[in-house]
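Q: The following file, structure.cif, comprises mmCIF, C-alpha atoms:
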data_start
#
loop_
_atom_site.label_atom_id
_atom_site.label_comp_id
_atom_site.auth_asym_id
_atom_site.auth_seq_id
_atom_site.Cartn_x
_atom_site.Cartn_y
_atom_site.Cartn_z
CA MET A 1 14.66 -36.94 -20.30
CA GLN A 2 15.64 -33.63 -18.72
CA PHE A 3 13.72 -30.38 -18.38
CA HIS A 4 16.25 -28.32 -20.32
CA GLN A 5 16.04 -30.80 -23.19
CA LEU A 6 12.28 -30.31 -23.34
CA ALA A 7 12.77 -26.54 -23.21
CA TYR A 8 15.23 -26.71 -26.13
CA PHE A 9 12.83 -28.92 -28.08
CA VAL A 10 9.95 -26.48 -27.57
CA ALA A 11 12.14 -23.53 -28.60
CA VAL A 12 13.09 -25.24 -31.86
CA ALA A 13 9.49 -26.28 -32.50
CA GLU A 14 8.27 -22.69 -32.04
CA THR A 15 11.03 -20.96 -34.01
CA ARG A 16 11.53 -23.74 -36.59
CA HIS A 17 15.20 -22.77 -36.50
CA PHE A 18 18.04 -24.16 -34.38
CA THR A 19 20.09 -20.97 -34.32
CA ARG A 20 17.15 -18.75 -33.32
CA ALA A 21 16.13 -21.30 -30.71
CA ALA A 22 19.64 -21.23 -29.26
CA GLN A 23 19.52 -17.43 -29.12
CA ARG A 24 16.18 -17.56 -27.31
CA MET A 25 17.55 -20.03 -24.76
CA HIS A 26 20.88 -18.17 -24.42
CA VAL A 27 22.99 -21.21 -25.25
CA ALA A 28 25.37 -22.08 -28.04
CA GLN A 29 23.70 -23.59 -31.10
CA PRO A 30 25.88 -26.78 -31.12
CA SER A 31 25.02 -27.43 -27.47
CA LEU A 32 21.29 -27.03 -28.14
CA SER A 33 21.44 -29.32 -31.18
CA GLN A 34 23.34 -31.93 -29.17
CA GLN A 35 20.73 -31.93 -26.40
CA VAL A 36 17.85 -32.24 -28.89
CA ARG A 37 19.59 -35.22 -30.51
CA ALA A 38 20.11 -36.76 -27.08
CA LEU A 39 16.38 -36.40 -26.43
CA GLU A 40 15.59 -38.04 -29.77
CA GLN A 41 17.96 -40.91 -28.99
CA GLU A 42 16.32 -41.45 -25.60
CA LEU A 43 12.85 -41.48 -27.17
CA GLY A 44 14.04 -43.63 -30.05
CA THR A 45 12.60 -41.48 -32.81
CA PRO A 46 13.35 -38.21 -34.63
CA LEU A 47 11.36 -35.18 -33.49
CA PHE A 48 12.21 -32.94 -36.44
CA ASN A 49 12.50 -33.26 -40.18
CA ARG A 50 15.78 -31.51 -40.91
CA ALA A 51 15.72 -30.24 -44.48
CA ARG A 52 18.01 -27.39 -45.52
CA GLY A 53 16.23 -24.19 -44.54
CA ASN A 54 13.11 -26.05 -43.47
CA ILE A 55 12.69 -27.51 -39.97
CA SER A 56 9.36 -29.25 -39.33
CA LEU A 57 7.96 -31.54 -36.66
CA THR A 58 7.63 -35.26 -37.21
CA ALA A 59 4.53 -37.07 -36.00
CA ALA A 60 6.41 -37.87 -32.80
CA GLY A 61 7.34 -34.21 -32.44
CA GLU A 62 3.72 -33.11 -32.92
CA THR A 63 2.69 -35.55 -30.18
CA LEU A 64 5.42 -34.45 -27.76
CA LEU A 65 5.01 -30.67 -28.21
CA PRO A 66 1.80 -30.11 -26.16
CA LEU A 67 3.01 -32.55 -23.51
CA ALA A 68 6.36 -30.79 -23.25
CA ARG A 69 4.68 -27.39 -22.97
CA ARG A 70 2.44 -28.70 -20.19
CA ILE A 71 5.39 -30.21 -18.31
CA LEU A 72 7.36 -26.96 -18.54
CA ALA A 73 4.34 -24.91 -17.47
CA ASP A 74 3.68 -27.19 -14.49
CA THR A 75 7.34 -26.96 -13.54
CA GLU A 76 7.19 -23.16 -13.60
CA THR A 77 3.98 -23.19 -11.55
CA ALA A 78 5.61 -25.46 -8.99
CA ARG A 79 8.62 -23.17 -8.80
CA GLN A 80 6.42 -20.12 -8.29
CA ARG A 81 4.36 -21.82 -5.59
CA VAL A 82 7.45 -22.89 -3.69
CA ASN A 83 8.96 -19.42 -4.04
CA GLU A 84 5.75 -17.92 -2.70
CA LEU A 85 6.04 -20.10 0.37
CA LEU A 86 9.66 -19.08 0.76
CA ASP A 87 8.67 -15.45 0.29
CA LEU A 88 6.47 -15.76 3.37
CA ARG A 89 9.36 -17.16 5.40
CA HIS A 90 11.88 -14.59 4.27
CA GLY A 91 11.70 -11.23 2.62
CA THR A 92 10.65 -7.65 3.23
CA VAL A 93 7.49 -5.59 2.94
CA ARG A 94 7.99 -1.83 2.64
CA LEU A 95 5.00 0.04 4.03
CA GLY A 96 4.56 3.80 4.13
CA ALA A 97 2.19 5.48 6.58
CA THR A 98 1.43 8.91 7.93
CA PRO A 99 2.78 9.26 11.48
CA SER A 100 -0.68 9.53 13.06
CA LEU A 101 -1.56 6.11 11.64
CA CYS A 102 1.65 4.63 12.99
CA THR A 103 0.39 5.40 16.48
CA GLY A 104 -3.23 4.52 15.65
CA PHE A 105 -4.29 1.09 14.41
CA LEU A 106 -1.12 0.20 12.48
CA PRO A 107 0.79 -1.39 15.40
CA ASP A 108 -2.07 -3.87 15.92
CA VAL A 109 -2.12 -4.71 12.20
CA LEU A 110 1.62 -5.27 12.12
CA ARG A 111 1.43 -7.47 15.22
CA LEU A 112 -1.21 -9.63 13.51
CA PHE A 113 0.94 -9.93 10.38
CA HIS A 114 4.12 -10.64 12.36
CA GLU A 115 2.44 -13.44 14.31
CA ARG A 116 1.53 -15.14 11.02
CA TYR A 117 4.77 -14.48 9.16
CA PRO A 118 7.57 -13.87 11.67
CA GLY A 119 10.26 -14.24 9.01
CA ILE A 120 9.06 -11.25 6.99
CA ARG A 121 10.88 -8.04 7.76
CA LEU A 122 8.62 -5.01 8.01
CA LEU A 123 10.01 -1.65 6.99
CA VAL A 124 7.75 1.26 7.92
CA GLU A 125 8.43 4.68 6.47
CA GLU A 126 6.69 7.64 8.06
CA GLY A 127 5.91 10.71 6.02
CA GLY A 128 3.24 12.95 4.59
CA SER A 129 0.91 11.51 1.99
CA ARG A 130 2.54 13.42 -0.87
CA ASP A 131 5.98 12.11 0.08
CA LEU A 132 4.68 8.56 0.42
CA VAL A 133 2.94 8.67 -2.94
CA ARG A 134 6.14 9.91 -4.57
CA ASP A 135 8.13 7.05 -2.99
CA LEU A 136 5.45 4.54 -3.96
CA ALA A 137 5.48 5.69 -7.58
CA GLY A 138 9.28 5.55 -7.55
CA GLY A 139 9.33 1.94 -6.43
CA ASP A 140 10.67 2.59 -2.93
CA LEU A 141 7.50 1.30 -1.22
CA ASP A 142 5.23 -1.68 -1.76
CA LEU A 143 2.16 -0.18 -0.06
CA ALA A 144 1.26 3.12 1.57
CA LEU A 145 -1.41 4.17 4.05
CA ILE A 146 -2.29 7.71 3.08
CA ILE A 147 -4.95 10.39 3.45
CA LEU A 148 -7.40 10.63 0.54
CA PRO A 149 -7.97 12.32 -1.76
CA LEU A 150 -4.65 13.71 -2.92
CA GLN A 151 -3.84 16.63 -5.15
CA SER A 152 -2.37 14.21 -7.67
CA SER A 153 -3.61 12.15 -10.60
CA ASP A 154 -0.78 9.66 -11.17
CA PRO A 155 -2.33 6.94 -13.39
CA ALA A 156 0.23 4.41 -12.13
CA LEU A 157 -1.37 4.42 -8.66
CA VAL A 158 -4.61 3.00 -7.37
CA THR A 159 -6.12 3.57 -3.95
CA SER A 160 -8.61 1.74 -1.81
CA PRO A 161 -10.49 3.69 0.90
CA LEU A 162 -10.28 2.01 4.30
CA ILE A 163 -11.78 4.12 7.05
CA ARG A 164 -13.20 7.59 7.57
CA GLU A 165 -12.07 9.52 10.62
CA SER A 166 -13.50 12.58 12.31
CA LEU A 167 -11.46 15.60 13.27
CA VAL A 168 -11.98 16.99 16.74
CA LEU A 169 -11.00 19.98 18.82
CA VAL A 170 -8.67 19.34 21.76
CA SER A 171 -8.09 21.73 24.64
CA SER A 172 -6.55 21.66 28.08
CA LEU A 173 -8.66 20.33 30.94
CA ASP A 174 -7.36 23.23 33.01
CA GLU A 175 -8.93 25.80 30.68
CA PRO A 176 -12.63 26.63 30.21
CA PRO A 177 -14.30 24.66 27.39
CA VAL A 178 -14.83 26.41 24.07
CA VAL A 179 -18.56 25.59 24.18
CA THR A 180 -20.87 24.51 26.95
CA GLY A 181 -22.45 21.73 24.93
CA ARG A 182 -21.00 18.38 23.88
CA SER A 183 -20.25 19.45 20.30
CA LEU A 184 -19.38 22.58 18.38
CA THR A 185 -19.47 24.11 14.91
CA VAL A 186 -16.64 25.76 13.06
CA ALA A 187 -18.32 29.09 13.84
CA ASP A 188 -17.70 28.43 17.55
CA LEU A 189 -13.98 28.84 16.88
CA ARG A 190 -14.44 32.56 16.18
CA ASN A 191 -12.18 34.58 18.52
CA GLN A 192 -10.89 31.36 20.11
CA PRO A 193 -7.09 31.13 20.35
CA LEU A 194 -5.88 28.24 18.24
CA VAL A 195 -2.57 26.44 18.32
CA MET A 196 -1.78 26.04 14.64
CA PHE A 197 0.50 23.73 12.72
CA ARG A 198 3.31 25.00 10.56
CA ARG A 199 2.67 26.03 6.98
CA GLY A 200 2.52 23.03 4.68
CA TYR A 201 0.29 20.95 6.95
CA ASP A 202 -2.94 20.26 5.11
CA LEU A 203 -4.59 20.15 8.52
CA ARG A 204 -3.67 23.80 8.93
CA GLU A 205 -5.03 24.71 5.51
CA ALA A 206 -8.27 22.79 6.10
CA THR A 207 -8.87 24.49 9.45
CA VAL A 208 -8.16 27.96 8.09
CA THR A 209 -10.33 27.38 5.01
CA ALA A 210 -13.22 26.06 7.14
CA CYS A 211 -13.09 29.20 9.30
CA ARG A 212 -12.96 31.53 6.31
CA GLU A 213 -15.91 29.84 4.67
CA VAL A 214 -18.10 30.66 7.66
CA GLY A 215 -16.95 34.26 7.63
CA PHE A 216 -13.97 34.82 9.92
CA GLU A 217 -10.21 34.61 10.16
CA PRO A 218 -8.99 32.22 12.87
CA THR A 219 -7.02 33.61 15.79
CA PHE A 220 -3.62 32.02 16.31
CA ALA A 221 -2.28 31.89 19.83
CA ILE A 222 0.84 30.23 18.55
CA GLU A 223 1.74 28.69 15.22
CA GLY A 224 4.49 26.85 13.44
CA GLY A 225 4.69 23.55 15.29
CA GLU A 226 4.68 19.89 14.33
CA MET A 227 2.10 17.57 15.90
CA ASP A 228 4.06 16.87 19.08
CA ALA A 229 4.70 20.57 19.63
CA VAL A 230 1.07 21.49 18.95
CA LEU A 231 -0.17 18.96 21.48
CA GLY A 232 2.35 20.20 24.03
CA PHE A 233 1.21 23.79 23.56
CA VAL A 234 -2.44 22.75 23.94
CA ALA A 235 -1.66 20.81 27.13
CA ALA A 236 0.05 23.92 28.47
CA GLY A 237 -3.18 25.89 28.00
CA LEU A 238 -2.00 28.10 25.15
CA GLY A 239 -5.04 27.35 23.01
CA SER A 240 -7.05 24.64 21.25
CA ALA A 241 -6.22 22.64 18.13
CA VAL A 242 -8.07 20.67 15.46
CA ILE A 243 -6.54 17.19 15.20
CA PRO A 244 -7.55 13.66 14.08
CA SER A 245 -9.69 11.76 16.57
CA MET A 246 -7.30 8.81 16.35
CA VAL A 247 -4.64 11.02 17.91
CA ALA A 248 -6.97 12.63 20.41
CA ARG A 249 -8.09 9.34 21.97
CA ARG A 250 -4.71 8.76 23.61
CA LEU A 251 -4.41 12.23 25.12
CA GLY A 252 -5.37 13.42 28.58
CA MET A 253 -7.16 16.46 27.16
CA ARG A 254 -10.69 17.69 26.62
CA VAL A 255 -11.93 16.34 23.28
CA THR A 256 -14.87 18.10 21.63
CA PRO A 257 -16.37 16.80 18.35
CA PHE A 258 -17.83 18.96 15.62
CA VAL A 259 -21.55 18.91 14.81
CA ALA A 260 -22.35 16.36 12.09
CA PRO A 261 -21.20 15.96 9.41
CA GLY A 262 -18.20 17.62 10.97
CA LEU A 263 -14.68 17.69 9.61
CA GLN A 264 -13.41 14.33 8.41
CA ARG A 265 -10.57 12.65 6.62
CA THR A 266 -10.47 9.43 4.60
CA ILE A 267 -7.66 6.96 5.13
CA GLY A 268 -6.79 4.68 2.23
CA LEU A 269 -4.29 2.14 0.99
CA ALA A 270 -2.29 2.91 -2.15
CA ARG A 271 -0.16 0.75 -4.40
CA ARG A 272 1.24 0.80 -7.91
CA ARG A 273 -1.07 -0.37 -10.67
CA ASP A 274 1.71 -1.56 -12.96
CA VAL A 275 3.56 -3.78 -10.47
CA GLU A 276 2.28 -7.18 -9.37
CA PRO A 277 2.34 -7.19 -5.55
CA THR A 278 4.48 -9.77 -3.81
CA ARG A 279 2.78 -12.54 -1.89
CA ALA A 280 3.95 -10.94 1.36
CA ALA A 281 2.46 -7.57 0.36
CA VAL A 282 -0.85 -9.27 -0.51
CA GLU A 283 -0.91 -10.98 2.87
CA LEU A 284 -0.20 -7.68 4.63
CA GLN A 285 -3.20 -6.16 2.83
CA ARG A 286 -5.25 -9.16 3.93
CA ALA A 287 -4.15 -8.74 7.54
CA LEU A 288 -5.06 -5.05 7.37
CA TRP A 289 -8.58 -5.75 6.09
CA GLU A 290 -9.12 -8.59 8.56
CA TYR A 291 -8.13 -6.38 11.46
CA LEU A 292 -10.35 -3.50 10.37
CA ARG A 293 -13.35 -5.73 9.67
CA HIS A 294 -12.99 -7.49 13.01
CA ALA A 295 -12.53 -4.19 14.84
CA ALA A 296 -15.63 -2.78 13.13
CA ALA A 297 -17.69 -5.88 13.95
CA THR A 298 -16.66 -5.84 17.61
CA GLY A 299 -16.90 -2.08 18.07
CA ASN A 300 -13.14 -1.69 18.55
CA LEU A 301 -12.33 0.77 15.81
CA PRO A 302 -10.70 3.94 17.15
CA ASP A 303 -13.15 6.57 18.35
CA GLY A 304 -14.52 8.71 15.56
CA THR A 305 -13.72 6.24 12.77
CA ARG A 306 -15.82 3.92 10.64
CA LEU A 307 -15.02 1.27 8.08
CA LEU A 308 -15.53 2.05 4.40
CA GLY A 309 -16.61 -0.96 2.36
CA ASP A 310 -16.50 -4.62 3.31
CA ARG A 311 -13.94 -6.89 1.73
CA ALA A 312 -12.86 -10.35 2.74
CA GLY A 313 -9.39 -9.86 1.36
CA PRO A 314 -7.32 -7.92 -1.15
CA ALA A 315 -7.42 -8.57 -4.85
CA PRO A 316 -4.24 -8.26 -6.88
CA ALA A 317 -5.76 -5.38 -8.84
CA PRO A 318 -8.70 -3.91 -6.90
CA ALA A 319 -11.27 -1.93 -8.82
CA VAL A 320 -10.67 1.39 -7.11
CA PRO A 321 -10.38 4.90 -8.45
CA THR A 322 -7.14 6.61 -9.25
CA ILE A 323 -6.09 9.34 -6.89
CA ALA A 324 -8.09 12.48 -7.52
CA ALA A 325 -7.81 16.10 -6.59
CA ALA A 326 -8.86 17.17 -3.11
CA PRO A 327 -12.21 18.97 -2.72
CA THR A 328 -12.65 22.34 -1.09
CA VAL A 329 -13.80 22.46 2.52
CA ALA A 330 -17.46 23.40 2.58
CA ALA A 331 -19.06 26.09 4.63
CA ALA A 332 -21.20 25.95 7.77
CA ALA A 333 -20.10 23.28 10.21
CA GLY A 334 -17.75 21.76 7.66
CA VAL A 335 -17.85 18.68 5.49
CA GLU A 336 -15.40 15.97 4.52
CA VAL A 337 -11.94 17.25 3.63
CA GLY A 338 -8.68 15.65 2.52
CA ILE A 339 -6.02 16.12 5.18
CA GLU A 340 -2.52 14.76 5.49
CA SER A 341 0.43 15.24 7.77
CA VAL A 342 3.45 16.55 5.94
CA ARG A 343 6.13 15.84 8.49
CA ARG A 344 8.63 13.31 7.22
CA GLU A 345 9.95 11.57 10.31
CA SER A 346 12.26 8.95 8.87
CA SER A 347 13.31 7.29 5.66
CA ALA A 348 12.71 3.72 6.83
CA THR A 349 12.28 2.20 10.28
CA ASP A 350 11.61 -1.30 11.46
CA LEU A 351 9.00 -0.27 14.01
CA PRO A 352 6.49 2.61 14.19
CA VAL A 353 7.57 5.52 16.33
CA PRO A 354 4.84 6.51 18.82
CA GLY A 355 3.72 9.98 19.64
CA ARG A 356 3.86 11.61 16.19
CA ASP A 357 1.32 12.63 13.59
#
Take the structure in the file and give it back as structure tokens.

A:
Amino acid sequence: MQFHQLAYFVAVAETRHFTRAAQRMHVAQPSLSQQVRALEQELGTPLFNRARGNISLTAAGETLLPLARRILADTETARQRVNELLDLRHGTVRLGATPSLCTGFLPDVLRLFHERYPGIRLLVEEGGSRDLVRDLAGGDLDLALIILPLQSSDPALVTSPLIRESLVLVSSLDEPPVVTGRSLTVADLRNQPLVMFRRGYDLREATVTACREVGFEPTFAIEGGEMDAVLGFVAAGLGSAVIPSMVARRLGMRVTPFVAPGLQRTIGLARRRDVEPTRAAVELQRALWEYLRHAAATGNLPDGTRLLGDRAGPAPAPAVPTIAAAPTVAAAAGVEVGIESVRRESSATDLPVPGRD
């Protein structure tokens, strides 16, 4: 008794027609009929009553049908389980991330995943959240670490918030501090020279909007740079800049937080709703959550960040909201805003590139 014989038998039993069964199994009808007869000869009894235009199961066929279906199902399950194991020895996970995250906690997450599954190739694409979401929706990425919320409502995508991060003001240690205290408000930026990102950076738009909502236009000492350029200009004493705290922690500059609730951004994980994630992608999500939960429990999350939610591991289809439109920055000292970097550094790299946001 062979598996393909059982599959042919089940196809005939379900279609009650040898020709349609052969079409379903993509084989020639004489070959299928021959294999069914061979199965009957091995079992020593007919499985079908073959009347012209009327194929029906014999008692033996009725007995064999549920057993054959179970055997075929178990065989498919075994194949899938073995393939899942092989998938974790070989294969690729395509992860998108904003550049600031690639120099934040992502290297530690990827190290944890690589130690567990050294045969899995990791492709990391750096880009702005809008670019990453477009690539994710187009099937070019399996997962993406992005800044939430987005100005998009693609129903094919779901997101899961991970951490919330504060924005801070950085300035040169060689220049006088913007305020004498340990924190500042957006209003304290009035008449202060700011080093500003190029147009298209949501960080630029959020900073400008926050200043306008407390009644003033920000003063630009210099504008038009990417993250590396902005940080270089700040270090040279040309002005201050509002940047993510995850970036600020690695700099030799003065870091000043905003008064609570401050300016914040939410970092989340996005995937396609209509595509079942691979086993390797699921395990990468698991490694990400394990790292963040352990870092939160041990006080090792990056400065100015906190974990959102508490999950033991990823579900294939998490109950999370679809991506929504970004809110407006509120007045006074500022409230939570959606911010993303829009610099697209590379199409796909094997390792994160440090020093970019």

Q: Just want the 12 Å neighbourhood of Thr92 in chain A, counted on only C-alpha atoms, with same-chain residues fewer than 4 positions away dropped. Output as an MDAnalysis selection string.

A: chainID A and resid 86:88 114 117:124 140:143 278:281 284 350

Q: Please evaluate the PyMOL selection byres ((chain A and resi 183) around 6) against the structure above and give the resulting residues as a PyMOL selection string.

A: chain A and resi 181-182+184+256-259

Q: Mind dumping the selected residues with C-alpha atoms as an mmCIF file, in the frame of the given file?

A:
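The result, stored in again_33.cif:
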data_model
loop_
_atom_site.group_PDB
_atom_site.id
_atom_site.type_symbol
_atom_site.label_atom_id
_atom_site.label_comp_id
_atom_site.auth_asym_id
_atom_site.auth_seq_id
_atom_site.Cartn_x
_atom_site.Cartn_y
_atom_site.Cartn_z
ATOM 1 C CA GLY A 181 -22.450 21.730 24.930
ATOM 2 C CA ARG A 182 -21.000 18.380 23.880
ATOM 3 C CA LEU A 184 -19.380 22.580 18.380
ATOM 4 C CA THR A 256 -14.870 18.100 21.630
ATOM 5 C CA PRO A 257 -16.370 16.800 18.350
ATOM 6 C CA PHE A 258 -17.830 18.960 15.620
ATOM 7 C CA VAL A 259 -21.550 18.910 14.810
#

Q: Can you measure CA of Arg20 in chain A to CA of Pro66 in chain A for me? One decimal in Å is fine.

A: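 These two atoms are separated by 20.4 Å.
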
Q: For each of A:Ala137, A:Leu173, A:Leu162, A:Val242, take the minimum atom-to-atom distance to Val186 in chain A, counting all atoms listed in the file, then give the residue where this is smallest.

A: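 Closest to Val186 in chain A, using all atoms listed in the file: A:Val242.
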
Q: Using CA of Gly304 in chain A and CA of Arg94 in chain A as the two end points, give the distance in Å to one decimal.

A: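 Separation between CA of Gly304 in chain A and CA of Arg94 in chain A: 28.0 Å.
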
Q: Nearest residue to Val282 in chain A out of A:Leu167, A:Ala248, A:Ile243, A:Leu95, using all atoms listed in the file?

A: A:Leu95

Q: May I ask for the distance between CA of Thr75 in chain A and CA of Met25 in chain A, given in Å to one decimal place?

A: 16.7 Å

Q: Find, counting all atoms listed in the file, the residue in A:Leu238, A:Ala287, A:Leu6, A:Ala297 that gets nearest to Pro107 in chain A.

A: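 Looking at the shortest contact to Pro107 in chain A, the residue is A:Ala287.
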
Q: Copy range 108-170 of chain A out of the block into a file, keeping C-alpha atoms, as a short mmCIF file (atom, residue, chain, number, x, y, z; two decimals), in the first residue's frame.

A:
data_model
loop_
_atom_site.label_atom_id
_atom_site.label_comp_id
_atom_site.auth_asym_id
_atom_site.auth_seq_id
_atom_site.Cartn_x
_atom_site.Cartn_y
_atom_site.Cartn_z
CA ASP A 108 21.17 42.55 20.65
CA VAL A 109 17.93 40.97 19.39
CA LEU A 110 19.61 39.69 16.24
CA ARG A 111 22.50 38.28 18.27
CA LEU A 112 20.02 36.36 20.44
CA PHE A 113 18.24 35.00 17.37
CA HIS A 114 21.50 34.12 15.59
CA GLU A 115 22.76 32.17 18.61
CA ARG A 116 19.62 30.03 18.50
CA TYR A 117 19.35 29.64 14.74
CA PRO A 118 22.77 30.21 13.17
CA GLY A 119 21.66 28.77 9.83
CA ILE A 120 19.02 31.45 9.25
CA ARG A 121 20.19 34.33 7.11
CA LEU A 122 19.08 37.72 8.38
CA LEU A 123 18.45 40.46 5.85
CA VAL A 124 17.96 43.88 7.43
CA GLU A 125 16.62 46.72 5.33
CA GLU A 126 16.95 50.23 6.71
CA GLY A 127 14.46 52.89 5.74
CA GLY A 128 11.76 55.25 6.88
CA SER A 129 8.56 53.78 8.23
CA ARG A 130 6.55 54.70 5.13
CA ASP A 131 9.08 52.97 2.86
CA LEU A 132 9.17 49.89 5.08
CA VAL A 133 5.39 49.63 5.19
CA ARG A 134 5.26 49.85 1.40
CA ASP A 135 7.85 47.06 1.08
CA LEU A 136 6.04 44.97 3.68
CA ALA A 137 2.73 45.30 1.86
CA GLY A 138 4.47 44.44 -1.40
CA GLY A 139 5.87 41.20 -0.02
CA ASP A 140 9.51 42.31 0.07
CA LEU A 141 9.73 42.05 3.88
CA ASP A 142 8.54 39.51 6.44
CA LEU A 143 8.51 41.90 9.41
CA ALA A 144 9.22 45.58 9.99
CA LEU A 145 10.10 47.64 13.05
CA ILE A 146 8.48 50.99 12.48
CA ILE A 147 7.34 54.15 14.23
CA LEU A 148 3.63 54.25 15.11
CA PRO A 149 1.15 55.49 14.21
CA LEU A 150 1.48 55.93 10.47
CA GLN A 151 -0.45 58.11 8.07
CA SER A 152 -1.77 54.97 6.40
CA SER A 153 -4.71 52.62 6.82
CA ASP A 154 -3.69 49.57 4.79
CA PRO A 155 -6.07 46.79 5.95
CA ALA A 156 -3.53 44.14 4.91
CA LEU A 157 -1.18 45.19 7.73
CA VAL A 158 -1.35 44.72 11.46
CA THR A 159 0.95 46.28 14.03
CA SER A 160 1.92 45.46 17.57
CA PRO A 161 3.27 48.27 19.80
CA LEU A 162 6.56 47.33 21.47
CA ILE A 163 8.11 50.22 23.34
CA ARG A 164 7.57 53.93 23.87
CA GLU A 165 10.58 56.20 23.62
CA SER A 166 11.12 59.77 24.74
CA LEU A 167 12.57 62.47 22.55
CA VAL A 168 15.28 64.63 24.06
CA LEU A 169 17.25 67.75 23.26
CA VAL A 170 20.97 67.30 22.61
#
